[in-house]
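coords-v2.cif follows (mmCIF, C-alpha atoms):
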data_upload
#
loop_
_atom_site.label_atom_id
_atom_site.label_comp_id
_atom_site.auth_asym_id
_atom_site.auth_seq_id
_atom_site.Cartn_x
_atom_site.Cartn_y
_atom_site.Cartn_z
CA MET U 272 -5.28 -31.18 7.41
CA SER U 273 -6.33 -32.99 4.23
CA PRO U 274 -8.55 -31.32 1.59
CA SER U 275 -11.40 -33.69 2.45
CA ASP U 276 -11.18 -32.64 6.12
CA GLU U 277 -11.38 -29.03 5.05
CA LEU U 278 -14.38 -29.81 2.85
CA GLU U 279 -16.10 -31.57 5.72
CA GLN U 280 -15.43 -28.67 8.11
CA ASN U 281 -16.85 -26.21 5.59
CA ALA U 282 -19.91 -28.39 5.11
CA PHE U 283 -20.31 -28.55 8.89
CA VAL U 284 -20.22 -24.75 9.23
CA ASP U 285 -22.73 -24.45 6.38
CA GLY U 286 -25.03 -26.98 8.09
CA GLU U 287 -24.78 -29.40 5.17
CA LEU U 288 -23.63 -32.54 6.99
CA SER U 289 -25.92 -35.45 7.82
CA PRO U 290 -26.83 -35.83 11.51
CA ASP U 291 -24.44 -38.81 11.79
CA GLN U 292 -21.56 -36.92 10.23
CA GLN U 293 -22.34 -33.93 12.45
CA ALA U 294 -22.28 -36.05 15.60
CA GLU U 295 -18.98 -37.59 14.55
CA LEU U 296 -17.36 -34.23 13.96
CA LEU U 297 -18.75 -32.81 17.21
CA GLU U 298 -17.21 -35.74 19.04
CA ALA U 299 -13.87 -35.08 17.32
CA MET U 300 -14.13 -31.38 18.29
CA ARG U 301 -14.62 -32.33 21.93
CA GLU U 302 -11.41 -34.32 21.86
CA ASP U 303 -9.38 -31.87 19.80
CA PRO U 304 -9.56 -28.24 21.04
CA GLU U 305 -7.40 -27.11 18.12
CA LEU U 306 -9.95 -28.54 15.66
CA ALA U 307 -12.79 -26.90 17.61
CA ARG U 308 -11.01 -23.56 17.49
CA ARG U 309 -10.39 -23.86 13.74
CA ILE U 310 -14.02 -24.66 13.00
CA CYS U 311 -15.17 -21.81 15.24
CA GLU U 312 -12.95 -19.39 13.29
CA LEU U 313 -14.25 -20.75 10.01
CA GLY U 314 -17.79 -20.09 11.22
CA GLN U 315 -16.94 -16.53 12.23
CA LEU U 316 -15.31 -15.79 8.88
CA LYS U 317 -18.26 -17.15 6.94
CA ALA U 318 -20.72 -15.21 9.07
CA GLN U 319 -18.76 -12.01 8.42
CA LEU U 320 -18.73 -12.67 4.67
CA ARG U 321 -22.44 -13.43 4.59
CA VAL U 322 -23.24 -10.14 6.22
CA ALA U 323 -20.75 -8.15 4.15
CA TYR U 324 -22.16 -9.48 0.91
CA ALA U 325 -25.82 -9.80 1.85
CA ASN U 326 -26.62 -6.96 -0.55
CA PRO U 327 -24.17 -7.12 -3.44
CA PRO U 328 -24.23 -4.06 -5.71
CA GLN U 329 -26.10 -4.32 -9.01
CA PRO U 330 -23.86 -5.13 -11.94
CA ARG U 331 -23.33 -2.21 -14.31
CA ARG U 332 -25.77 -2.20 -17.19
CA ARG U 333 -24.13 -2.87 -20.53
CA MET U 334 -25.32 -1.06 -23.59
CA ALA U 335 -23.24 -3.02 -26.06
CA GLY U 336 -24.57 -6.21 -27.60
CA LYS U 337 -28.19 -5.07 -27.78
CA VAL U 338 -27.98 -3.27 -31.09
CA LYS U 339 -29.58 -5.14 -34.00
CA ALA U 340 -28.57 -4.68 -37.60
CA SER U 341 -31.46 -2.56 -38.77
CA TRP U 342 -31.68 1.12 -39.67
CA ARG U 343 -33.96 1.81 -36.71
CA ALA U 344 -31.47 0.25 -34.34
CA PHE U 345 -28.70 2.07 -36.15
CA ALA U 346 -30.39 5.42 -35.48
CA ALA U 347 -30.99 4.48 -31.83
CA GLY U 348 -27.41 3.32 -31.58
CA ALA U 349 -26.11 6.57 -32.98
CA ALA U 350 -28.18 8.51 -30.45
CA LEU U 351 -26.92 6.31 -27.64
CA LEU U 352 -23.38 6.72 -28.88
CA ALA U 353 -23.72 10.50 -28.78
CA THR U 354 -25.08 10.29 -25.22
CA GLY U 355 -22.36 7.86 -24.28
CA ILE U 356 -19.58 10.04 -25.64
CA VAL U 357 -20.95 13.19 -24.01
CA SER U 358 -21.56 11.55 -20.62
CA GLY U 359 -18.30 9.64 -20.79
CA TRP U 360 -16.45 12.84 -21.61
CA LEU U 361 -18.21 14.80 -18.87
CA LEU U 362 -17.55 12.16 -16.23
CA HIS U 363 -14.01 11.59 -17.42
CA ALA U 364 -13.25 15.31 -17.46
CA GLY U 365 -14.74 15.62 -13.98
CA GLY U 366 -17.19 18.15 -15.40
CA PRO U 367 -20.65 18.74 -14.00
CA ALA U 368 -22.79 15.64 -14.40
CA TRP U 369 -26.56 16.18 -14.43
CA ARG U 370 -28.32 16.99 -11.21
CA VAL U 371 -29.97 14.02 -9.57
CA ASP U 372 -32.04 13.65 -6.44
CA THR U 373 -29.23 13.40 -3.92
CA SER U 374 -31.44 12.90 -0.89
CA ARG U 375 -31.01 9.13 -1.18
CA PHE U 376 -27.24 9.31 -1.31
CA VAL U 377 -24.43 9.92 1.10
CA VAL U 378 -23.83 13.66 1.29
CA LEU U 379 -20.33 14.58 0.17
CA ASP U 380 -18.59 17.84 0.96
CA PRO U 381 -16.22 19.40 -1.64
CA ASP U 382 -13.37 17.19 -0.41
CA GLY U 383 -15.49 14.13 -1.12
CA HIS U 384 -15.85 13.58 2.59
CA GLY U 385 -18.91 11.68 3.74
CA GLN U 386 -21.44 13.12 6.14
CA ALA U 387 -24.25 11.35 7.88
CA PRO U 388 -27.55 12.12 6.19
CA ALA U 389 -29.87 13.95 8.56
CA LEU U 390 -31.70 11.32 10.55
CA ALA U 391 -35.32 11.59 11.46
CA SER U 392 -35.66 12.54 15.13
CA GLY U 393 -36.97 9.10 16.10
CA ASP U 394 -33.96 7.28 14.66
CA GLU U 395 -31.61 5.34 16.87
CA THR U 396 -27.96 4.52 16.24
CA ARG U 397 -27.24 0.92 17.21
CA ILE U 398 -23.76 -0.53 17.47
CA VAL U 399 -22.59 -3.99 18.47
CA PHE U 400 -18.93 -4.34 19.46
CA HIS U 401 -17.41 -7.79 19.21
CA LEU U 402 -14.43 -8.63 21.42
CA THR U 403 -12.59 -11.90 20.87
CA ASN U 404 -9.08 -10.88 21.85
CA ALA U 405 -7.44 -11.30 25.26
CA ASP U 406 -5.63 -7.94 24.96
CA GLN U 407 -7.57 -5.72 27.35
CA THR U 408 -5.65 -2.58 26.30
CA VAL U 409 -7.73 -2.67 23.13
CA ALA U 410 -10.87 -3.17 25.24
CA GLY U 411 -9.86 -0.16 27.36
CA GLU U 412 -9.52 2.05 24.30
CA LEU U 413 -12.83 0.77 23.09
CA LEU U 414 -14.44 1.78 26.40
CA ASP U 415 -12.93 5.28 25.92
CA ASP U 416 -14.56 5.51 22.49
CA VAL U 417 -17.87 4.09 23.69
CA GLU U 418 -18.00 6.43 26.69
CA GLY U 419 -17.26 9.40 24.41
CA MET U 420 -20.09 8.42 22.07
CA LEU U 421 -22.57 7.74 24.89
CA LYS U 422 -21.89 11.19 26.37
CA ALA U 423 -22.04 12.97 23.00
CA TYR U 424 -25.35 11.33 22.09
CA GLN U 425 -26.80 12.04 25.53
CA ALA U 426 -25.77 15.72 25.30
CA ASP U 427 -27.40 16.05 21.84
CA HIS U 428 -30.53 14.09 22.87
CA ARG U 429 -29.83 11.56 20.13
CA ARG U 430 -30.71 7.90 20.68
CA LEU U 431 -27.93 5.33 20.86
CA ARG U 432 -27.77 1.68 21.86
CA VAL U 433 -24.49 -0.11 22.40
CA GLU U 434 -23.84 -3.79 23.05
CA ILE U 435 -20.39 -5.13 23.86
CA VAL U 436 -20.27 -8.85 23.10
CA SER U 437 -17.35 -10.92 24.33
CA ASN U 438 -16.57 -14.46 23.40
CA SER U 439 -13.52 -16.69 23.06
CA ASP U 440 -10.48 -14.95 24.66
CA GLY U 441 -12.43 -11.69 24.72
CA LEU U 442 -14.50 -13.10 27.60
CA ASP U 443 -11.68 -12.20 30.01
CA LEU U 444 -13.01 -8.64 30.04
CA LEU U 445 -16.15 -9.87 31.79
CA ARG U 446 -14.58 -12.53 34.03
CA GLU U 447 -14.31 -12.00 37.78
CA GLY U 448 -10.63 -11.83 38.69
CA LEU U 449 -9.44 -11.35 35.09
CA SER U 450 -11.27 -8.18 34.06
CA GLN U 451 -8.97 -5.17 34.14
CA HIS U 452 -11.90 -2.80 33.72
CA LYS U 453 -14.44 -4.13 36.23
CA ALA U 454 -14.94 -0.85 38.11
CA ARG U 455 -15.22 1.16 34.94
CA ILE U 456 -17.70 -1.27 33.39
CA HIS U 457 -19.82 -1.01 36.52
CA ARG U 458 -19.74 2.79 36.47
CA LEU U 459 -20.69 2.90 32.77
CA ALA U 460 -23.45 0.31 33.14
CA GLU U 461 -24.91 2.29 36.07
CA GLU U 462 -24.75 5.58 34.23
CA PHE U 463 -26.01 4.42 30.82
CA SER U 464 -29.04 2.13 30.57
CA ASN U 465 -28.47 2.00 26.78
CA LEU U 466 -25.17 0.13 27.24
CA THR U 467 -25.12 -3.66 27.67
CA PHE U 468 -22.25 -6.08 28.29
CA VAL U 469 -22.87 -9.57 26.95
CA ALA U 470 -20.96 -12.81 27.60
CA CYS U 471 -21.07 -15.90 25.37
CA LYS U 472 -22.38 -19.08 26.99
CA ASN U 473 -20.65 -21.29 24.40
CA THR U 474 -17.30 -19.96 25.58
CA ILE U 475 -18.22 -20.45 29.24
CA ASP U 476 -19.28 -24.05 28.54
CA ARG U 477 -16.17 -24.73 26.50
CA LEU U 478 -13.87 -23.47 29.26
CA LYS U 479 -15.57 -25.86 31.66
CA VAL U 480 -15.35 -28.90 29.38
CA GLU U 481 -11.85 -28.27 28.06
CA ARG U 482 -10.06 -26.83 31.03
CA GLY U 483 -12.34 -27.54 33.98
CA ILE U 484 -12.77 -23.82 34.65
CA GLU U 485 -15.95 -22.63 36.41
CA VAL U 486 -16.27 -19.16 34.93
CA GLN U 487 -17.55 -16.43 37.21
CA LEU U 488 -18.72 -13.29 35.51
CA ILE U 489 -18.65 -9.74 36.84
CA PRO U 490 -22.12 -8.56 38.01
CA ASP U 491 -22.77 -6.29 35.01
CA ALA U 492 -22.45 -9.04 32.38
CA GLU U 493 -25.49 -10.63 30.77
CA ILE U 494 -25.35 -14.08 29.16
CA ILE U 495 -26.44 -15.13 25.66
CA ASP U 496 -26.14 -18.57 24.01
CA SER U 497 -23.73 -17.75 21.21
CA GLY U 498 -21.73 -14.55 20.81
CA VAL U 499 -21.05 -15.16 17.13
CA ASN U 500 -24.67 -15.90 16.36
CA HIS U 501 -25.73 -12.80 18.31
CA VAL U 502 -23.48 -10.38 16.39
CA VAL U 503 -24.65 -11.85 13.08
CA ASN U 504 -28.31 -11.42 14.11
CA ARG U 505 -27.67 -7.86 15.20
CA GLN U 506 -26.11 -7.00 11.84
CA GLN U 507 -29.08 -8.49 10.03
CA GLN U 508 -31.30 -6.31 12.21
CA GLY U 509 -29.41 -3.27 10.91
CA TRP U 510 -26.92 -2.72 13.73
CA SER U 511 -23.44 -1.44 12.90
CA TYR U 512 -20.74 -3.97 13.72
CA ILE U 513 -17.29 -3.13 15.04
CA ARG U 514 -14.71 -5.73 15.90
CA GLY U 515 -12.40 -4.86 18.77
CA MET W 275 -24.03 -1.85 -48.55
CA LYS W 276 -25.04 -4.36 -45.86
CA LYS W 277 -21.40 -5.11 -45.20
CA LEU W 278 -20.68 -1.42 -44.78
CA ILE W 279 -23.55 -1.02 -42.30
CA ASN W 280 -22.35 -4.00 -40.31
CA ALA W 281 -18.85 -2.62 -40.24
CA VAL W 282 -20.12 0.78 -39.02
CA LEU W 283 -22.28 -0.92 -36.39
CA ALA W 284 -19.39 -3.03 -35.16
CA GLY W 285 -17.33 0.13 -34.84
CA LEU W 286 -20.13 1.84 -32.93
CA VAL W 287 -20.54 -1.06 -30.51
CA GLY W 288 -16.80 -1.02 -29.92
CA LEU W 289 -16.79 2.73 -29.31
CA MET W 290 -19.75 2.50 -26.94
CA ALA W 291 -18.10 -0.24 -24.96
CA PHE W 292 -15.01 1.97 -24.78
CA THR W 293 -16.81 5.12 -23.62
CA GLY W 294 -18.89 3.04 -21.20
CA ALA W 295 -15.74 1.68 -19.61
CA ALA W 296 -14.21 5.15 -19.33
CA ALA W 297 -17.17 6.40 -17.30
CA ALA W 298 -17.23 5.41 -13.64
CA ALA W 299 -20.23 3.51 -12.34
CA PRO W 300 -22.83 5.88 -10.85
CA ALA W 301 -22.45 6.40 -7.09
CA ASP W 302 -25.49 4.31 -6.13
CA THR W 303 -24.27 1.16 -7.88
CA LYS W 304 -20.77 1.22 -6.38
CA GLN W 305 -19.90 -1.36 -3.80
CA LYS W 306 -19.27 0.52 -0.55
CA VAL W 307 -16.78 -1.00 1.87
CA VAL W 308 -14.94 0.15 4.98
CA TYR W 309 -11.83 -1.62 6.25
CA HIS W 310 -11.07 -1.25 9.97
CA ILE W 311 -7.46 -1.08 11.20
CA ASN W 312 -6.71 -0.83 14.92
CA GLY W 313 -3.71 -3.14 15.40
CA ASP W 314 -0.05 -2.12 15.20
CA ASP W 315 1.50 -5.22 13.63
CA ALA W 316 3.26 -4.09 10.43
CA LYS W 317 2.87 -7.49 8.75
CA GLN W 318 -0.83 -7.56 9.49
CA GLN W 319 -1.25 -4.01 8.18
CA ALA W 320 0.64 -4.84 4.97
CA GLY W 321 -1.56 -7.94 4.67
CA ALA W 322 -4.67 -5.79 5.03
CA LEU W 323 -3.45 -3.48 2.25
CA ARG W 324 -2.85 -6.55 0.08
CA ASN W 325 -6.43 -7.70 0.81
CA ILE W 326 -7.65 -4.31 -0.34
CA GLN W 327 -5.66 -4.52 -3.59
CA ASN W 328 -7.14 -7.97 -4.24
CA HIS W 329 -10.59 -6.56 -3.51
CA ILE W 330 -10.01 -3.77 -6.07
CA ASN W 331 -8.72 -6.29 -8.60
CA ALA W 332 -11.86 -8.39 -8.16
CA VAL W 333 -14.46 -5.62 -8.31
CA GLY W 334 -12.73 -2.91 -10.36
CA LYS W 335 -11.70 0.47 -8.94
CA ASP W 336 -14.51 2.31 -10.73
CA ASN W 337 -17.13 0.10 -9.08
CA LEU W 338 -15.84 0.53 -5.57
CA ASP W 339 -16.04 3.18 -2.86
CA LEU W 340 -13.45 1.91 -0.42
CA ARG W 341 -12.32 3.51 2.82
CA VAL W 342 -9.82 2.57 5.46
CA VAL W 343 -10.49 3.80 9.01
CA MET W 344 -7.50 3.84 11.39
CA HIS W 345 -7.75 4.46 15.12
CA GLY W 346 -5.86 3.55 18.28
CA ASN W 347 -2.77 1.46 17.50
CA GLY W 348 -3.92 1.28 13.87
CA VAL W 349 -2.64 4.83 13.33
CA SER W 350 0.87 3.31 13.48
CA MET W 351 0.36 2.40 9.81
CA VAL W 352 0.89 6.05 8.82
CA LEU W 353 3.16 7.00 11.75
CA LEU W 354 6.67 7.95 10.54
CA PRO W 355 9.46 5.98 12.25
CA GLU W 356 11.31 9.19 13.23
CA ALA W 357 8.18 10.41 15.05
CA LEU W 358 8.01 7.45 17.44
CA ASP W 359 9.85 9.19 20.29
CA LYS W 360 7.76 12.37 19.95
CA VAL W 361 4.36 10.72 20.43
CA LYS W 362 2.70 8.85 23.30
CA GLY W 363 1.38 5.30 23.51
CA PHE W 364 2.78 3.81 20.30
CA LYS W 365 5.11 0.79 20.25
CA ASN W 366 5.43 0.74 16.45
CA ALA W 367 5.74 3.29 13.66
CA ASN W 368 5.19 1.45 10.41
CA ALA W 369 5.24 4.15 7.71
CA THR W 370 8.37 2.80 6.04
CA ALA W 371 9.11 3.40 2.36
CA GLU W 372 7.47 0.05 1.59
CA MET W 373 4.28 0.85 3.50
CA GLU W 374 4.15 4.33 1.95
CA ALA W 375 4.38 2.83 -1.55
CA ARG W 376 1.47 0.49 -0.78
CA ILE W 377 -0.62 3.36 0.58
CA ASP W 378 0.18 5.59 -2.42
CA GLY W 379 -0.72 2.78 -4.82
CA LEU W 380 -4.14 2.36 -3.20
CA LYS W 381 -4.78 6.12 -2.96
CA ASN W 382 -4.15 6.34 -6.71
CA GLN W 383 -6.97 3.84 -7.16
CA GLY W 384 -9.40 5.96 -5.15
CA VAL W 385 -9.02 4.45 -1.68
CA ARG W 386 -9.51 6.97 1.15
CA PHE W 387 -7.52 6.62 4.36
CA GLU W 388 -9.21 8.16 7.41
CA VAL W 389 -7.56 8.85 10.76
CA CYS W 390 -9.24 9.26 14.17
CA ALA W 391 -8.84 12.70 15.78
CA ASN W 392 -9.38 11.28 19.30
CA THR W 393 -6.32 9.08 18.83
CA LEU W 394 -4.16 11.95 17.54
CA LYS W 395 -5.17 14.14 20.48
CA GLY W 396 -4.82 11.42 23.11
CA ARG W 397 -1.40 10.30 21.89
CA GLN W 398 -0.04 13.75 21.14
CA VAL W 399 0.39 13.15 17.43
CA ASP W 400 1.01 16.16 15.17
CA ARG W 401 -0.67 15.38 11.88
CA GLU W 402 1.79 17.26 9.68
CA ARG W 403 4.95 16.45 11.60
CA ASP W 404 4.37 12.79 12.50
CA LEU W 405 2.14 11.21 9.85
CA TYR W 406 2.72 10.17 6.24
CA MET W 407 0.54 12.21 3.88
CA VAL W 408 -2.55 12.65 6.02
CA ASP W 409 -4.60 15.62 4.87
CA SER W 410 -6.86 17.60 7.23
CA ALA W 411 -9.81 16.27 5.21
CA ASP W 412 -8.75 12.73 6.14
CA ILE W 413 -9.30 13.36 9.86
CA VAL W 414 -12.56 12.10 11.35
CA PRO W 415 -13.66 13.14 14.88
CA SER W 416 -13.96 9.55 16.13
CA GLY W 417 -12.83 6.42 14.31
CA VAL W 418 -15.41 4.27 16.05
CA ALA W 419 -18.26 6.68 15.33
CA GLU W 420 -17.10 6.88 11.70
CA LEU W 421 -17.28 3.07 11.40
CA ALA W 422 -20.84 3.13 12.73
CA ILE W 423 -21.90 6.05 10.50
CA LEU W 424 -20.45 4.49 7.36
CA GLN W 425 -22.24 1.20 8.06
CA SER W 426 -25.52 3.06 8.56
CA GLN W 427 -24.90 4.52 5.09
CA GLY W 428 -24.62 1.05 3.59
CA TYR W 429 -20.89 0.39 3.79
CA ALA W 430 -19.97 -3.24 4.37
CA TYR W 431 -17.54 -3.63 7.27
CA ILE W 432 -14.40 -5.71 6.99
CA LYS W 433 -11.85 -6.22 9.75
CA PRO W 434 -8.83 -7.91 8.15
#

Could you express the structure from this file as structure tokens?
Amino acid sequence: MSPSDELEQNAFVDGELSPDQQAELLEAMREDPELARRICELGQLKAQLRVAYANPPQPRRRMAGKVKASWRAFAAGAALLATGIVSGWLLHAGGPAWRVDTSRFVVLDPDGHGQAPALASGDETRIVFHLTNADQTVAGELLDDVEGMLKAYQADHRRLRVEIVSNSDGLDLLREGLSQHKARIHRLAEEFSNLTFVACKNTIDRLKVERGIEVQLIPDAEIIDSGVNHVVNRQQQGWSYIRG
Amino acid sequence: MKKLINAVLAGLVGLMAFTGAAAAAPADTKQKVVYHINGDDAKQQAGALRNIQNHINAVGKDNLDLRVVMHGNGVSMVLLPEALDKVKGFKNANATAEMEARIDGLKNQGVRFEVCANTLKGRQVDRERDLYMVDSADIVPSGVAELAILQSQGYAYIKP
């Protein structure tokens, strides 16, 4: 792959190509499954990065460089220096820093271990699981975890919504004849109305075009247009994201 | 006189920059990130730990609250090779001297490694006997729930 190809593929994923260029690349993707797969992965990676860095932390404020050469500034600087030394020493020595309103922060126990802040009673935990791997052992373990959480939340009368999105090779989990967990999925879907299994239409279409496969889904699977787009939207709506 | 003042000021600015650097960024301005490990490929795990080191190099350890959550096969990263025949369901035990050195290096920079209790119970793992340096405080009830909780607290999620 030449650097200009790579540039073009990046531009495609970012939606920066002209309609003509887009059509050309789409045509090339239809003829070259390997290219299509690469671009799909590129899109997934970028989507993950966008979400991970949607809210970058504020840069640390710098005190240096603002002091002007006047006596007033000198006095202010000296005061700041004293504060800086004291706070630096306290923090460095691990001594007691001043009390702040901790209600906005993650609660830490003495081991520095995080605890969920108490949620208001109306709050709902929402998790989207993203399966792209053909290994259904991982999917099975995931179902163990999900079932455990669904039961725990139900027992505590806490609200939980779970979506399991499968695309690419992960779709096997929801395909008739290939799913190793069909019965279990059915039992869970019957028991928990707050659990949804979602299949990616892009993958279904691609299997048909590339390999002539008419995909049949198990009865408990719902269909959405794009699995990748869906998990990105969910994250932007505040859902937690876990990749299987 | 002016020269002297300037010299004193320059010294002060230098000192302030120094003390400022010594103090960690306040908790609310730290970048919060959780890395998710659930595969048992040693190369991939070592690669993930390299990613984390690069992440620390880019952001600075004092500006970062970074956690690693291991569950399922991912626990193999801290599973001692001699424990492999005592536990259930693991194909690999990757806590070799090399992996241990990587983990130690990251722990020294403030990275926390968390292990799923469901996995330990289900696969008959004894924390003290079978795992490399996992403290009781590093055990979380459910790895998956922990990933969800941390994200709801503002942690960015990365699956290497």

Exercise. Expanded to explicit residues, what is the PyMOL selection byres ((chain U and resi 437) around 7) for this file, as a PyMOL selection string?
Worked result: chain U and resi 401-403+435-436+438+441-442+469-471+498

Exercise. Hey, can you check how far CA of Asn347 (chain W) sits from CA of Arg458 (chain U)?
Worked result: 25.5 Å

Exercise. To one decimal place, how far is CA of Arg324 (chain W) from CA of Leu413 (chain U) in Å?
Worked result: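 For CA of Arg324 (chain W) relative to CA of Leu413 (chain U), the distance reads 26.1 Å.
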
Problem set entry | Option closest in space to Ile311 (chain W), from W:Lys381, W:Lys395, W:Arg341, W:Arg401 [counting only C-alpha atoms] | W:Arg341

Exercise. Which residues come within 9 Å of region 315-317 of chain W, counting all atoms listed in the file, excluding same-chain residues fewer than 5 positions away, as a PyMOL selection string?
Worked result: chain W and resi 322+347-348+350-351+366-369+373

I need the residues from that last selection saved to file as a JSON list (two decimals), keeping the file's coordinate frame (with C-alpha atoms), if you can.
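Once everything was written out, this is again-v4.json:
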[["chain", "number", "residue", "atom", "x", "y", "z"],
["W", 322, "ALA", "CA", -4.67, -5.79, 5.03],
["W", 347, "ASN", "CA", -2.77, 1.46, 17.50],
["W", 348, "GLY", "CA", -3.92, 1.28, 13.87],
["W", 350, "SER", "CA", 0.87, 3.31, 13.48],
["W", 351, "MET", "CA", 0.36, 2.40, 9.81],
["W", 366, "ASN", "CA", 5.43, 0.74, 16.45],
["W", 367, "ALA", "CA", 5.74, 3.29, 13.66],
["W", 368, "ASN", "CA", 5.19, 1.45, 10.41],
["W", 369, "ALA", "CA", 5.24, 4.15, 7.71],
["W", 373, "MET", "CA", 4.28, 0.85, 3.50]]

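Closest approach to chain W from the set U:Ser464, U:Asn473, U:Gln451, U:Thr408 is made by U:Thr408, with distances taken over all atoms listed in the file.
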
For this session: Determine the nearest neighbour of chain W from the options U:Ala299, U:Asp440, U:Asn500, U:Arg397, counting all atoms listed in the file.
Result: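 Selected residue with least distance to chain W: U:Arg397.
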
For this session: Report the distance between CA of Arg477 (chain U) and CA of Ile398 (chain U) in Å, rounded to one decimal place.
Result: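 Separating CA of Arg477 (chain U) from CA of Ile398 (chain U) is a distance of 26.9 Å.
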